[in-house]
$ cat coords.cif   # mmCIF, C-alpha atoms and all ligand atoms
data_entry
#
loop_
_atom_site.label_atom_id
_atom_site.label_comp_id
_atom_site.auth_asym_id
_atom_site.auth_seq_id
_atom_site.Cartn_x
_atom_site.Cartn_y
_atom_site.Cartn_z
CA MET A 1 170.73 -34.30 -36.00
CA ALA A 2 171.04 -31.13 -33.94
CA LEU A 3 174.08 -28.98 -34.72
CA PRO A 4 176.25 -28.05 -31.74
CA GLY A 5 175.37 -24.60 -30.38
CA ARG A 6 171.99 -24.60 -32.03
CA ILE A 7 168.79 -24.70 -30.05
CA THR A 8 166.79 -27.67 -31.21
CA ASP A 9 163.21 -27.09 -32.26
CA PRO A 10 161.06 -28.24 -29.32
CA GLY A 11 158.17 -29.06 -31.72
CA PRO A 12 154.74 -27.44 -31.76
CA SER A 13 154.21 -25.46 -28.57
CA PRO A 14 151.25 -26.66 -26.52
CA SER A 15 148.42 -24.14 -26.35
CA ALA A 16 147.87 -22.38 -23.05
CA THR A 17 144.70 -24.31 -22.29
CA ASP A 18 146.54 -27.63 -22.51
CA HIS A 19 148.01 -26.82 -19.11
CA VAL A 20 144.64 -26.22 -17.48
CA HIS A 21 142.84 -28.97 -15.61
CA SER A 22 139.73 -30.16 -17.46
CA ASN A 23 137.50 -29.17 -14.50
CA LEU A 24 138.45 -25.54 -15.09
CA LYS A 25 138.36 -25.13 -18.85
CA SER A 26 134.93 -23.54 -19.01
CA LEU A 27 135.40 -21.49 -15.84
CA GLY A 28 135.48 -17.72 -16.24
CA GLU A 29 135.92 -15.02 -13.65
CA SER A 30 133.16 -14.84 -11.04
CA ALA A 31 130.17 -13.02 -12.55
CA THR A 32 129.96 -10.58 -9.67
CA LEU A 33 133.57 -9.50 -9.98
CA ALA A 34 133.20 -9.19 -13.76
CA ILE A 35 130.32 -6.67 -13.43
CA HIS A 36 132.41 -4.70 -10.93
CA GLU A 37 135.14 -4.37 -13.54
CA ARG A 38 132.69 -3.60 -16.39
CA SER A 39 131.18 -0.78 -14.29
CA ALA A 40 134.64 0.59 -13.44
CA ALA A 41 135.59 0.59 -17.15
CA LEU A 42 132.43 2.53 -18.13
CA ILE A 43 133.06 5.06 -15.37
CA HIS A 44 136.62 5.41 -16.65
CA GLU A 45 135.13 6.31 -20.07
CA GLY A 46 133.19 9.09 -18.35
CA ARG A 47 129.82 7.27 -18.31
CA ARG A 48 127.36 7.59 -15.41
CA VAL A 49 126.97 4.14 -13.89
CA TYR A 50 124.43 3.04 -11.29
CA ARG A 51 126.34 0.41 -9.34
CA ILE A 52 123.60 -2.00 -8.45
CA GLY A 53 125.38 -5.03 -9.91
CA PHE A 54 127.97 -5.80 -7.27
CA GLY A 55 126.78 -6.79 -3.77
CA GLN A 56 129.00 -4.91 -1.37
CA SER A 57 127.85 -3.40 1.94
CA PRO A 58 127.46 0.38 1.60
CA PHE A 59 128.15 0.94 5.30
CA PRO A 60 131.53 1.77 6.88
CA VAL A 61 132.97 -0.68 9.39
CA PRO A 62 131.94 0.51 12.90
CA ASP A 63 134.57 2.82 14.44
CA ARG A 64 135.36 0.64 17.42
CA ILE A 65 136.20 -2.28 15.14
CA VAL A 66 138.39 -0.14 12.86
CA GLU A 67 140.14 1.10 16.00
CA ALA A 68 140.71 -2.52 17.12
CA LEU A 69 142.27 -3.30 13.74
CA ARG A 70 144.56 -0.28 14.07
CA ARG A 71 145.65 -1.38 17.53
CA HIS A 72 146.41 -4.87 16.33
CA ALA A 73 148.24 -3.96 13.13
CA PRO A 74 151.60 -5.00 14.68
CA ARG A 75 150.34 -8.57 15.26
CA LYS A 76 152.45 -10.46 12.82
CA GLU A 77 152.53 -14.03 14.09
CA TYR A 78 150.87 -16.96 12.37
CA LEU A 79 147.72 -17.82 14.26
CA PRO A 80 146.35 -21.32 14.89
CA VAL A 81 144.91 -22.93 11.76
CA ARG A 82 141.40 -23.15 13.22
CA GLY A 83 141.56 -19.53 14.32
CA LEU A 84 142.49 -17.41 17.31
CA ALA A 85 141.04 -18.98 20.48
CA GLU A 86 139.51 -15.69 21.69
CA LEU A 87 137.87 -15.14 18.30
CA ARG A 88 136.46 -18.66 18.23
CA GLU A 89 135.04 -18.09 21.69
CA ALA A 90 133.58 -14.72 20.61
CA VAL A 91 131.97 -16.31 17.53
CA ALA A 92 130.45 -19.14 19.58
CA GLU A 93 129.15 -16.62 22.11
CA HIS A 94 127.73 -14.42 19.30
CA HIS A 95 125.72 -17.38 17.96
CA ARG A 96 124.61 -18.33 21.49
CA ARG A 97 123.44 -14.79 22.25
CA LEU A 98 121.82 -13.91 18.94
CA ASP A 99 120.79 -17.25 17.45
CA GLY A 100 120.24 -19.41 20.51
CA ILE A 101 122.75 -22.00 19.22
CA ASP A 102 124.57 -23.89 21.91
CA GLY A 103 128.14 -24.14 20.54
CA SER A 104 131.62 -23.67 21.98
CA ALA A 105 134.93 -22.26 20.72
CA ASP A 106 135.91 -25.80 19.81
CA ASP A 107 133.11 -25.96 17.24
CA VAL A 108 134.27 -22.85 15.34
CA LEU A 109 136.52 -22.64 12.30
CA ILE A 110 137.83 -19.29 11.06
CA GLY A 111 138.90 -18.66 7.47
CA PRO A 112 139.83 -15.85 5.08
CA GLY A 113 136.21 -15.26 4.04
CA SER A 114 133.29 -17.66 4.22
CA LYS A 115 133.65 -18.24 0.47
CA GLU A 116 136.91 -20.09 1.11
CA LEU A 117 135.34 -22.12 3.92
CA ILE A 118 132.39 -23.09 1.70
CA PHE A 119 134.87 -24.23 -0.92
CA LEU A 120 136.79 -26.31 1.62
CA LEU A 121 133.57 -27.89 2.84
CA GLN A 122 132.65 -28.87 -0.71
CA LEU A 123 136.17 -30.28 -1.06
CA VAL A 124 136.09 -32.48 2.03
CA PHE A 125 132.43 -33.56 1.98
CA ARG A 126 131.76 -37.07 0.67
CA GLY A 127 128.44 -37.09 -1.16
CA ASP A 128 126.27 -34.93 -3.37
CA VAL A 129 125.83 -31.20 -3.02
CA LEU A 130 122.28 -29.83 -3.38
CA ILE A 131 122.07 -26.25 -4.55
CA PRO A 132 118.73 -24.40 -4.78
CA SER A 133 118.06 -22.55 -8.01
CA PRO A 134 118.52 -19.59 -7.91
CA SER A 135 121.49 -19.38 -5.55
CA TRP A 136 124.56 -17.25 -4.91
CA VAL A 137 126.88 -17.34 -7.93
CA SER A 138 129.86 -19.16 -6.39
CA TYR A 139 128.40 -22.36 -4.92
CA ALA A 140 128.01 -24.20 -8.24
CA PRO A 141 131.33 -23.07 -9.81
CA GLN A 142 133.11 -24.14 -6.63
CA ALA A 143 131.50 -27.57 -6.98
CA ARG A 144 132.57 -27.78 -10.62
CA ILE A 145 136.15 -26.74 -9.81
CA LEU A 146 136.19 -29.80 -7.59
CA GLY A 147 134.81 -32.01 -10.35
CA ARG A 148 131.41 -32.25 -8.69
CA GLN A 149 128.09 -32.16 -10.49
CA PRO A 150 125.86 -30.21 -8.07
CA ARG A 151 122.18 -31.16 -7.97
CA PRO A 152 119.78 -28.27 -8.39
CA VAL A 153 116.77 -27.94 -6.10
CA PRO A 154 114.21 -25.99 -8.15
CA THR A 155 112.26 -23.11 -6.61
CA THR A 156 109.70 -20.75 -8.17
CA PHE A 157 108.79 -17.09 -8.04
CA GLU A 158 105.25 -18.09 -6.99
CA ASP A 159 106.66 -19.90 -3.92
CA GLY A 160 108.77 -16.85 -3.03
CA TRP A 161 111.81 -18.72 -4.46
CA LYS A 162 111.83 -20.88 -1.32
CA VAL A 163 113.07 -24.44 -0.99
CA ASP A 164 109.98 -26.61 -0.82
CA PRO A 165 110.34 -29.65 1.49
CA ASP A 166 108.73 -32.05 -1.02
CA ARG A 167 110.98 -30.93 -3.83
CA LEU A 168 113.96 -31.26 -1.54
CA ALA A 169 112.93 -34.83 -0.76
CA GLN A 170 112.59 -35.55 -4.50
CA ALA A 171 116.06 -34.15 -5.18
CA CYS A 172 117.62 -36.70 -2.86
CA ALA A 173 115.73 -39.84 -3.71
CA ASP A 174 118.73 -42.12 -4.24
CA GLY A 175 120.46 -42.51 -0.93
CA GLY A 176 122.99 -39.70 -0.36
CA PRO A 177 124.84 -38.58 1.64
CA TYR A 178 123.84 -35.02 0.77
CA LEU A 179 124.85 -31.51 1.65
CA LEU A 180 122.20 -28.82 1.09
CA ILE A 181 123.43 -25.25 0.87
CA LEU A 182 120.63 -23.12 2.25
CA ASN A 183 121.12 -19.36 2.25
CA TYR A 184 118.83 -16.80 3.85
CA PRO A 185 118.32 -13.90 3.95
CA ASN A 186 119.01 -14.86 0.41
CA ASN A 187 121.32 -13.66 -2.28
CA PRO A 188 119.92 -13.14 -4.93
CA VAL A 189 116.20 -13.14 -4.05
CA GLY A 190 116.11 -11.34 -0.66
CA ASN A 191 113.77 -13.84 1.03
CA THR A 192 113.93 -15.53 4.40
CA TYR A 193 112.11 -18.45 6.11
CA SER A 194 109.63 -18.70 8.98
CA ALA A 195 110.19 -21.04 11.93
CA ASP A 196 107.59 -23.46 10.48
CA GLU A 197 109.21 -23.49 7.05
CA LEU A 198 112.60 -24.18 8.64
CA ALA A 199 111.11 -26.98 10.74
CA ALA A 200 109.66 -28.60 7.60
CA ILE A 201 113.02 -28.45 5.79
CA ALA A 202 114.75 -29.78 8.92
CA GLY A 203 112.27 -32.69 8.98
CA VAL A 204 113.16 -33.72 5.43
CA ALA A 205 116.88 -33.27 6.14
CA ARG A 206 116.65 -35.52 9.17
CA ARG A 207 114.70 -38.20 7.30
CA HIS A 208 117.11 -38.25 4.35
CA GLY A 209 120.34 -37.71 6.29
CA ILE A 210 120.99 -34.38 4.56
CA LEU A 211 123.59 -32.12 6.16
CA ILE A 212 122.82 -28.42 5.85
CA LEU A 213 125.30 -25.68 5.27
CA ALA A 214 123.25 -22.73 6.53
CA ASP A 215 124.81 -19.72 4.84
CA GLU A 216 123.49 -17.11 7.25
CA ILE A 217 125.98 -14.40 6.33
CA TYR A 218 123.07 -11.94 5.94
CA GLY A 219 121.36 -13.09 9.16
CA ARG A 220 121.99 -9.88 11.08
CA LEU A 221 120.51 -8.00 8.11
CA ASN A 222 117.09 -9.61 8.37
CA PHE A 223 115.00 -6.41 8.28
CA SER A 224 112.81 -7.56 11.17
CA GLY A 225 115.95 -8.00 13.33
CA GLU A 226 114.70 -11.51 14.07
CA HIS A 227 116.76 -13.88 12.02
CA ARG A 228 116.12 -17.49 12.96
CA SER A 229 118.87 -20.04 12.33
CA ILE A 230 117.86 -23.44 10.96
CA ALA A 231 120.40 -24.81 13.47
CA ARG A 232 117.62 -24.30 16.06
CA ALA A 233 115.44 -26.81 14.21
CA TYR A 234 118.23 -29.14 13.10
CA PRO A 235 121.13 -28.69 15.53
CA GLU A 236 122.77 -32.04 14.87
CA GLY A 237 123.07 -31.59 11.10
CA THR A 238 123.58 -27.85 10.50
CA ILE A 239 126.84 -25.98 9.96
CA VAL A 240 126.27 -22.23 10.26
CA SER A 241 128.32 -19.98 8.00
CA SER A 242 128.82 -16.28 8.69
CA GLY A 243 131.52 -13.62 8.73
CA LEU A 244 132.26 -9.92 8.78
CA SER A 245 131.58 -9.14 5.12
CA LYS A 246 127.91 -8.19 5.21
CA TRP A 247 126.64 -7.08 8.62
CA CYS A 248 129.94 -5.42 9.51
CA GLY A 249 130.66 -3.90 6.09
CA ALA A 250 134.11 -5.54 6.02
CA GLY A 251 134.08 -7.70 2.86
CA GLY A 252 137.64 -6.72 2.00
CA TRP A 253 138.93 -7.76 5.40
CA ARG A 254 138.26 -11.38 4.49
CA LEU A 255 137.02 -13.05 7.64
CA GLY A 256 134.59 -15.95 7.55
CA THR A 257 133.32 -18.28 10.27
CA PHE A 258 131.80 -21.76 10.44
CA LEU A 259 130.04 -23.16 13.51
CA PHE A 260 129.82 -26.97 13.51
CA PRO A 261 127.68 -29.26 15.60
CA PRO A 262 130.04 -31.41 17.75
CA ARG A 263 129.01 -34.54 15.88
CA LEU A 264 130.42 -33.11 12.62
CA SER A 265 133.87 -32.52 14.11
CA SER A 266 135.40 -34.85 11.50
CA LEU A 267 134.38 -32.38 8.77
CA ARG A 268 135.80 -29.52 10.82
CA ASP A 269 139.07 -31.41 11.27
CA ALA A 270 139.31 -32.33 7.58
CA MET A 271 138.77 -28.70 6.62
CA GLY A 272 141.40 -27.68 9.18
CA ALA A 273 143.86 -30.15 7.68
CA VAL A 274 143.35 -28.70 4.18
CA ALA A 275 143.55 -25.16 5.57
CA SER A 276 146.89 -26.00 7.18
CA GLU A 277 148.25 -27.01 3.78
CA THR A 278 146.79 -24.04 1.90
CA PHE A 279 145.96 -20.67 3.48
CA THR A 280 147.42 -21.55 6.94
CA ALA A 281 145.24 -19.07 8.89
CA ALA A 282 143.27 -15.86 8.36
CA SER A 283 145.27 -12.66 8.83
CA ALA A 284 146.23 -12.00 12.48
CA PRO A 285 145.22 -8.31 12.83
CA ILE A 286 141.83 -9.05 11.25
CA GLN A 287 141.18 -11.90 13.65
CA TYR A 288 141.98 -9.68 16.64
CA ALA A 289 139.63 -7.00 15.30
CA GLY A 290 137.06 -9.77 14.75
CA VAL A 291 137.02 -10.46 18.51
CA GLU A 292 135.77 -6.91 19.02
CA ALA A 293 133.17 -7.26 16.26
CA PHE A 294 131.69 -10.56 17.42
CA SER A 295 131.64 -9.48 21.08
CA GLY A 296 128.91 -6.98 20.17
CA GLY A 297 127.80 -4.03 22.27
CA ASP A 298 125.25 -1.20 22.18
CA ASP A 299 127.11 0.69 19.44
CA ILE A 300 127.03 -2.38 17.20
CA GLU A 301 123.37 -3.04 17.96
CA ASN A 302 122.62 0.54 17.00
CA TYR A 303 124.71 0.28 13.82
CA LEU A 304 122.80 -2.87 12.85
CA ARG A 305 119.42 -1.32 13.64
CA CYS A 306 120.20 1.70 11.47
CA SER A 307 121.60 -0.47 8.66
CA ARG A 308 118.48 -2.64 8.67
CA ARG A 309 116.15 0.34 8.78
CA VAL A 310 117.59 1.93 5.66
CA LEU A 311 118.06 -1.33 3.76
CA GLY A 312 114.53 -2.46 4.58
CA ALA A 313 112.93 0.79 3.50
CA LEU A 314 115.05 1.12 0.38
CA GLY A 315 114.56 -2.51 -0.65
CA ARG A 316 110.78 -2.27 -0.30
CA ARG A 317 110.61 1.07 -2.12
CA SER A 318 112.82 -0.23 -4.96
CA ALA A 319 110.78 -3.40 -5.37
CA GLN A 320 107.56 -1.41 -5.28
CA ILE A 321 108.71 0.84 -8.13
CA LEU A 322 109.35 -2.23 -10.27
CA LYS A 323 106.15 -4.01 -9.19
CA ASN A 324 104.02 -0.95 -9.99
CA ALA A 325 105.41 -1.04 -13.52
CA GLY A 326 104.41 -4.71 -13.95
CA VAL A 327 107.73 -6.43 -13.18
CA ARG A 328 107.46 -9.71 -11.24
CA VAL A 329 109.42 -9.17 -8.03
CA ASN A 330 109.02 -10.00 -4.34
CA LEU A 331 109.50 -7.46 -1.57
CA PRO A 332 112.84 -8.25 0.10
CA GLU A 333 112.97 -9.38 3.74
CA GLY A 334 116.70 -9.06 4.41
CA GLY A 335 120.11 -8.41 2.87
CA PHE A 336 120.50 -6.12 -0.10
CA TYR A 337 119.11 -7.83 -3.17
CA LEU A 338 116.11 -7.98 -5.49
CA PHE A 339 115.58 -10.61 -8.16
CA PRO A 340 113.12 -9.17 -10.68
CA ASP A 341 111.69 -11.27 -13.47
CA PHE A 342 111.01 -9.22 -16.62
CA THR A 343 109.02 -11.98 -18.34
CA PRO A 344 105.87 -9.80 -18.52
CA PHE A 345 107.91 -7.62 -20.92
CA ALA A 346 109.22 -10.56 -22.96
CA ALA A 347 107.41 -9.63 -26.19
CA ARG A 348 108.56 -6.01 -26.08
CA LEU A 349 112.11 -7.01 -25.21
CA ALA A 350 112.14 -9.59 -28.01
CA GLU A 351 111.30 -6.84 -30.51
CA ARG A 352 114.50 -5.15 -29.34
CA GLY A 353 116.49 -8.37 -29.83
CA ILE A 354 116.59 -9.29 -26.14
CA HIS A 355 115.87 -12.98 -25.62
CA ASP A 356 117.99 -13.96 -22.62
CA SER A 357 119.26 -12.65 -19.29
CA PRO A 358 122.88 -11.89 -20.31
CA THR A 359 121.65 -9.76 -23.24
CA LEU A 360 119.07 -8.11 -20.97
CA CYS A 361 121.74 -6.98 -18.51
CA GLU A 362 124.26 -6.01 -21.17
CA ARG A 363 121.71 -3.83 -22.99
CA LEU A 364 120.49 -2.36 -19.70
CA ILE A 365 123.96 -1.16 -18.70
CA ALA A 366 124.84 -0.03 -22.23
CA GLU A 367 121.60 1.95 -22.71
CA THR A 368 120.93 3.27 -19.18
CA GLY A 369 124.15 2.89 -17.17
CA VAL A 370 122.33 0.60 -14.69
CA ALA A 371 124.61 -2.31 -13.75
CA SER A 372 122.90 -5.60 -12.83
CA LEU A 373 123.69 -9.29 -12.98
CA PRO A 374 121.87 -11.76 -15.21
CA GLY A 375 119.89 -14.63 -13.66
CA LEU A 376 122.06 -17.14 -15.57
CA PRO A 377 125.06 -17.35 -13.16
CA PHE A 378 122.58 -17.74 -10.29
CA GLY A 379 121.51 -21.03 -11.84
CA ARG A 380 118.49 -19.84 -13.85
CA PRO A 381 117.79 -20.83 -17.47
CA ARG A 382 119.49 -18.49 -19.96
CA GLU A 383 116.15 -17.53 -21.60
CA GLU A 384 114.51 -16.57 -18.30
CA LEU A 385 114.52 -12.77 -18.15
CA THR A 386 115.69 -12.48 -14.54
CA ALA A 387 118.36 -10.23 -13.07
CA ARG A 388 119.82 -9.49 -9.68
CA LEU A 389 119.88 -5.92 -8.42
CA SER A 390 121.81 -4.85 -5.28
CA PHE A 391 120.33 -1.71 -3.77
CA VAL A 392 123.63 -0.55 -2.29
CA ASP A 393 124.70 2.40 -4.45
CA PHE A 394 124.47 5.05 -1.75
CA ALA A 395 126.75 6.66 0.85
CA GLY A 396 126.27 4.34 3.82
CA GLY A 397 128.15 6.56 6.28
CA ARG A 398 125.80 9.44 5.62
CA ALA A 399 122.73 7.19 5.77
CA LEU A 400 123.82 6.11 9.27
CA GLU A 401 124.71 9.62 10.47
CA GLU A 402 121.34 10.98 9.38
CA GLN A 403 119.63 8.52 11.71
CA GLN A 404 121.53 9.67 14.80
CA ASP A 405 118.58 11.43 16.36
CA LEU A 406 115.96 8.83 15.50
CA ALA A 407 114.42 6.73 18.27
CA PRO A 408 115.28 3.01 17.96
CA ASP A 409 111.85 2.02 16.66
CA ALA A 410 111.09 5.18 14.67
CA GLU A 411 110.49 5.09 10.91
CA LEU A 412 112.72 7.02 8.53
CA PRO A 413 111.53 10.53 7.66
CA ALA A 414 109.47 10.62 4.45
CA ASP A 415 112.18 12.30 2.36
CA PHE A 416 115.06 10.18 3.71
CA LEU A 417 115.41 7.73 0.83
CA ASP A 418 115.28 10.43 -1.85
CA ARG A 419 117.88 12.45 0.03
CA CYS A 420 120.26 9.67 1.02
CA CYS A 421 119.69 6.90 -1.53
CA GLY A 422 118.55 8.86 -4.59
CA ASP A 423 120.76 7.02 -7.06
CA VAL A 424 119.20 3.66 -6.25
CA ILE A 425 115.70 5.05 -6.71
CA GLN A 426 116.73 6.74 -9.92
CA ALA A 427 118.20 3.44 -11.15
CA MET A 428 114.84 1.70 -10.54
CA GLU A 429 113.03 4.47 -12.40
CA LEU A 430 115.50 4.23 -15.28
CA ILE A 431 114.81 0.50 -15.54
CA VAL A 432 111.08 1.14 -15.64
CA ASP A 433 111.44 3.83 -18.35
CA TRP A 434 113.72 1.59 -20.36
CA LEU A 435 111.13 -1.21 -20.30
CA GLN A 436 108.31 0.95 -21.64
N1 LIG B 501 127.50 -16.32 0.78
C1 LIG B 501 126.74 -15.41 0.16
C2 LIG B 501 125.29 -15.70 -0.02
C3 LIG B 501 127.30 -14.23 -0.31
O1 LIG B 501 126.51 -13.32 -0.93
C4 LIG B 501 128.68 -14.02 -0.16
C5 LIG B 501 129.33 -12.80 -0.68
O2 LIG B 501 128.84 -12.12 -1.54
C6 LIG B 501 129.43 -14.98 0.50
C7 LIG B 501 128.81 -16.13 0.97
C8 LIG B 501 130.93 -14.86 0.70
O3 LIG B 501 131.26 -13.91 1.62
P1 LIG B 501 132.72 -13.76 2.21
O4 LIG B 501 133.63 -14.70 1.50
O5 LIG B 501 133.08 -12.34 2.00
O6 LIG B 501 132.59 -14.14 3.67
#
$ encode --input "coords.cif" --output "structure tokens"
Amino acid sequence: MALPGRITDPGPSPSATDHVHSNLKSLGESATLAIHERSAALIHEGRRVYRIGFGQSPFPVPDRIVEALRRHAPRKEYLPVRGLAELREAVAEHHRRLDGIDGSADDVLIGPGSKELIFLLQLVFRGDVLIPSPSWVSYAPQARILGRQPRPVPTTFEDGWKVDPDRLAQACADGGPYLLILNYPNNPVGNTYSADELAAIAGVARRHGILILADEIYGRLNFSGEHRSIARAYPEGTIVSSGLSKWCGAGGWRLGTFLFPPRLSSLRDAMGAVASETFTAASAPIQYAGVEAFSGGDDIENYLRCSRRVLGALGRRSAQILKNAGVRVNLPEGGFYLFPDFTPFAARLAERGIHDSPTLCERLIAETGVASLPGLPFGRPREELTARLSFVDFAGGRALEEQQDLAPDAELPADFLDRCCGDVIQAMELIVDWLQ
């Protein structure tokens, strides 16, 4: 019996993990954020680190948009759950003007980053989620948080890591409904799709009743300047995802957008209902600044042209350095990523005790200071010697300024990349030396 005034023994204390939902027990921090912190820790120790692990735009947010944010800093009211009306109109108009998609403000949903919107879509969608392998690191963990078992759609290096229509059809042989997450220009492989390839995927989607979440957040960073949305080929079944994080350099502002076809308004409304019970609305000043960003203008066109010019040239040069050394890698077509496969060096790496992608990347950063991400969190087999490199470790502001006097269609001067993006090139050369 307990004595008065004494605290009774509550019994063995439950371990911390007992409080965690079973869906989350094996979930760690996002791999991309983890490499960011690992790099910061090495720098803190005084080590030289080549930051090509974390995929963040190197470019400053265009002045006019920063100015709009400044002007709207006093906006403190809660905005409508689906987003500020003027912003939704500007987003719809942006997709009409640049992608030829015929949507209206009513079809747009705004959120605090497209990552959150993708999560909400996976939450409200009834059916199976199809995720190409490799894919951006967060799609599959988001599915697992929700207790889903995502279905992989395999792709190969030989096919340019592209979703093949026949394989897509095979992945959804048992009825559906399905949601395919298709991302291009792609993180991690840097590829994109032609109009014919998109039409073939759209054909399979239509036949099998697959909805497509077209994650086109890197669309404006297609190096050719001619991104083509799959919504053109499959308007009735495509939700287009975008935001300010990549083309506008404003990842930390947290603004994401979805454009729905009118016939999927029930998904939009379900996501809006969950948003109203969770994040409420994206931040007001950011949404006002977003109106300026999505409305476009000559300065923004010029900013994008200069961004694409340097990313395109740097991506191709970086890939070429690796290719010349015998690494399997495709030349990127948009965005800021390469996905090299070091399998041709497997025997040599095995002699050094490297048999899988996490060890490959850990040893690379420890021995050279080059930060990268292993293929594993992108959905590749652990033993496959793939890694993702982001060619963004350069001063973006300077790289834009140095193009001020260039004609719109001029090439970069021959010494531009060595002058403005030397660390990225050095990182590629360090990788090559380390492999030999
Ligand atoms: N989709 C892809 C392919 C990405 O690479 C990222 C960010 O890295 C996102 C979505 C999420 O972007 P945000 O939440 O900043 O809009």
$ residues_around --input "coords.cif" --residues "region 303-320 of chain A" --least-positions-apart "5" --cutoff "7 Å" --atoms "only C-alpha atoms" --output "number ranges by chain"
A: 221, 223, 329-332, 334, 336, 391, 400, 403, 417, 425, 428
$ closest_residue --input "coords.cif" --among "A:Thr278, A:Asn302, A:Thr368, A:Thr238" --to "Leu259 (chain A)" --atoms "all atoms listed in the file"
A:Thr238
$ closest_residue --input "coords.cif" --among "A:Arg352, A:Arg38, A:Arg398, A:Arg82" --to "Met271 (chain A)" --atoms "only C-alpha atoms"
A:Arg82
$ closest_residue --input "coords.cif" --among "A:Ala366, A:Ala233, A:Ile181, A:Ala250" --to "Asp215 (chain A)" --atoms "only C-alpha atoms"
A:Ile181
$ atom_distance --input "coords.cif" --atom1 "CA of Leu360 (chain A)" --atom2 "CA of Trp434 (chain A)"
11.1 Å
$ closest_atom_pairs --input "coords.cif" --of "chain A" --to "ligand LIG 501 (chain B)" --cutoff "10 Å" --atoms "only C-alpha atoms and all ligand atoms" --output "CSV"
residue,atom,partner,partner_atom,distance
A:Thr32,CA,B:LIG501,O2,8.4
A:Phe54,CA,B:LIG501,O2,8.6
A:Gly55,CA,B:LIG501,O2,6.1
A:Gln56,CA,B:LIG501,O2,7.2
A:Ser57,CA,B:LIG501,O2,9.4
A:Gly111,CA,B:LIG501,O6,8.6
A:Pro112,CA,B:LIG501,O4,7.3
A:Gly113,CA,B:LIG501,O4,3.7
A:Ser114,CA,B:LIG501,O6,3.6
A:Lys115,CA,B:LIG501,O4,3.7
A:Glu116,CA,B:LIG501,O4,6.3
A:Leu117,CA,B:LIG501,O4,8.0
A:Ile118,CA,B:LIG501,C7,7.9
A:Phe119,CA,B:LIG501,O4,9.9
A:Ser135,CA,B:LIG501,C2,7.7
A:Trp136,CA,B:LIG501,C2,5.2
A:Val137,CA,B:LIG501,O1,8.1
A:Ser138,CA,B:LIG501,C7,8.0
A:Tyr139,CA,B:LIG501,N1,8.4
A:Ile181,CA,B:LIG501,C2,9.8
A:Leu182,CA,B:LIG501,C2,9.1
A:Asn183,CA,B:LIG501,C2,6.0
A:Tyr184,CA,B:LIG501,C2,7.6
A:Pro185,CA,B:LIG501,C2,8.2
A:Asn186,CA,B:LIG501,C2,6.4
A:Asn187,CA,B:LIG501,C2,5.0
A:Pro188,CA,B:LIG501,O1,7.7
A:Ala214,CA,B:LIG501,N1,9.6
A:Asp215,CA,B:LIG501,N1,5.9
A:Glu216,CA,B:LIG501,C2,7.6
A:Ile217,CA,B:LIG501,N1,6.1
A:Tyr218,CA,B:LIG501,C2,7.4
A:Ser241,CA,B:LIG501,C7,8.0
A:Ser242,CA,B:LIG501,O6,6.6
A:Gly243,CA,B:LIG501,O6,5.2
A:Leu244,CA,B:LIG501,O6,6.6
A:Ser245,CA,B:LIG501,O5,4.7
A:Lys246,CA,B:LIG501,O5,7.4
A:Gly249,CA,B:LIG501,O5,9.7
A:Ala250,CA,B:LIG501,O5,8.0
A:Gly251,CA,B:LIG501,O5,4.8
A:Gly252,CA,B:LIG501,O5,7.2
A:Trp253,CA,B:LIG501,O5,8.2
A:Arg254,CA,B:LIG501,O5,5.8
A:Leu255,CA,B:LIG501,O6,6.0
A:Gly256,CA,B:LIG501,O6,4.7
A:Thr257,CA,B:LIG501,O6,7.8
A:Gly335,CA,B:LIG501,O1,8.9
A:Phe336,CA,B:LIG501,O1,9.4
A:Tyr337,CA,B:LIG501,O1,9.5
$ atom_distance --input "coords.cif" --atom1 "CA of Gln149 (chain A)" --atom2 "CA of Leu267 (chain A)"
20.3 Å
$ closest_residue --input "coords.cif" --among "A:Gly353, A:Gly190, A:Gly203, A:Pro374" --to "Pro165 (chain A)" --atoms "only C-alpha atoms"
A:Gly203
$ atom_distance --input "coords.cif" --atom1 "CA of Tyr178 (chain A)" --atom2 "CA of Ala387 (chain A)"
28.9 Å
$ closest_residue --input "coords.cif" --among "A:Gly100, A:Gly147, A:Gly175, A:Pro80" --to "Gln122 (chain A)" --atoms "only C-alpha atoms"
A:Gly147
$ residues_around --input "coords.cif" --residues "Asp269 (chain A)" --least-positions-apart "4" --cutoff "12 Å" --atoms "all atoms listed in the file" --output "tab-separated table (two decimals) with C-alpha atoms, in the coordinates of the input"
chain	number	residue	atom	x	y	z
A	81	VAL	CA	144.91	-22.93	11.76
A	82	ARG	CA	141.40	-23.15	13.22
A	106	ASP	CA	135.91	-25.80	19.81
A	107	ASP	CA	133.11	-25.96	17.24
A	108	VAL	CA	134.27	-22.85	15.34
A	109	LEU	CA	136.52	-22.64	12.30
A	120	LEU	CA	136.79	-26.31	1.62
A	121	LEU	CA	133.57	-27.89	2.84
A	124	VAL	CA	136.09	-32.48	2.03
A	125	PHE	CA	132.43	-33.56	1.98
A	260	PHE	CA	129.82	-26.97	13.51
A	262	PRO	CA	130.04	-31.41	17.75
A	263	ARG	CA	129.01	-34.54	15.88
A	264	LEU	CA	130.42	-33.11	12.62
A	265	SER	CA	133.87	-32.52	14.11
A	273	ALA	CA	143.86	-30.15	7.68
A	274	VAL	CA	143.35	-28.70	4.18
A	275	ALA	CA	143.55	-25.16	5.57
A	276	SER	CA	146.89	-26.00	7.18
$ closest_residue --input "coords.cif" --among "A:Leu389, A:Leu87, A:Ala399, A:Leu373" --to "Ile35 (chain A)" --atoms "only C-alpha atoms"
A:Leu373
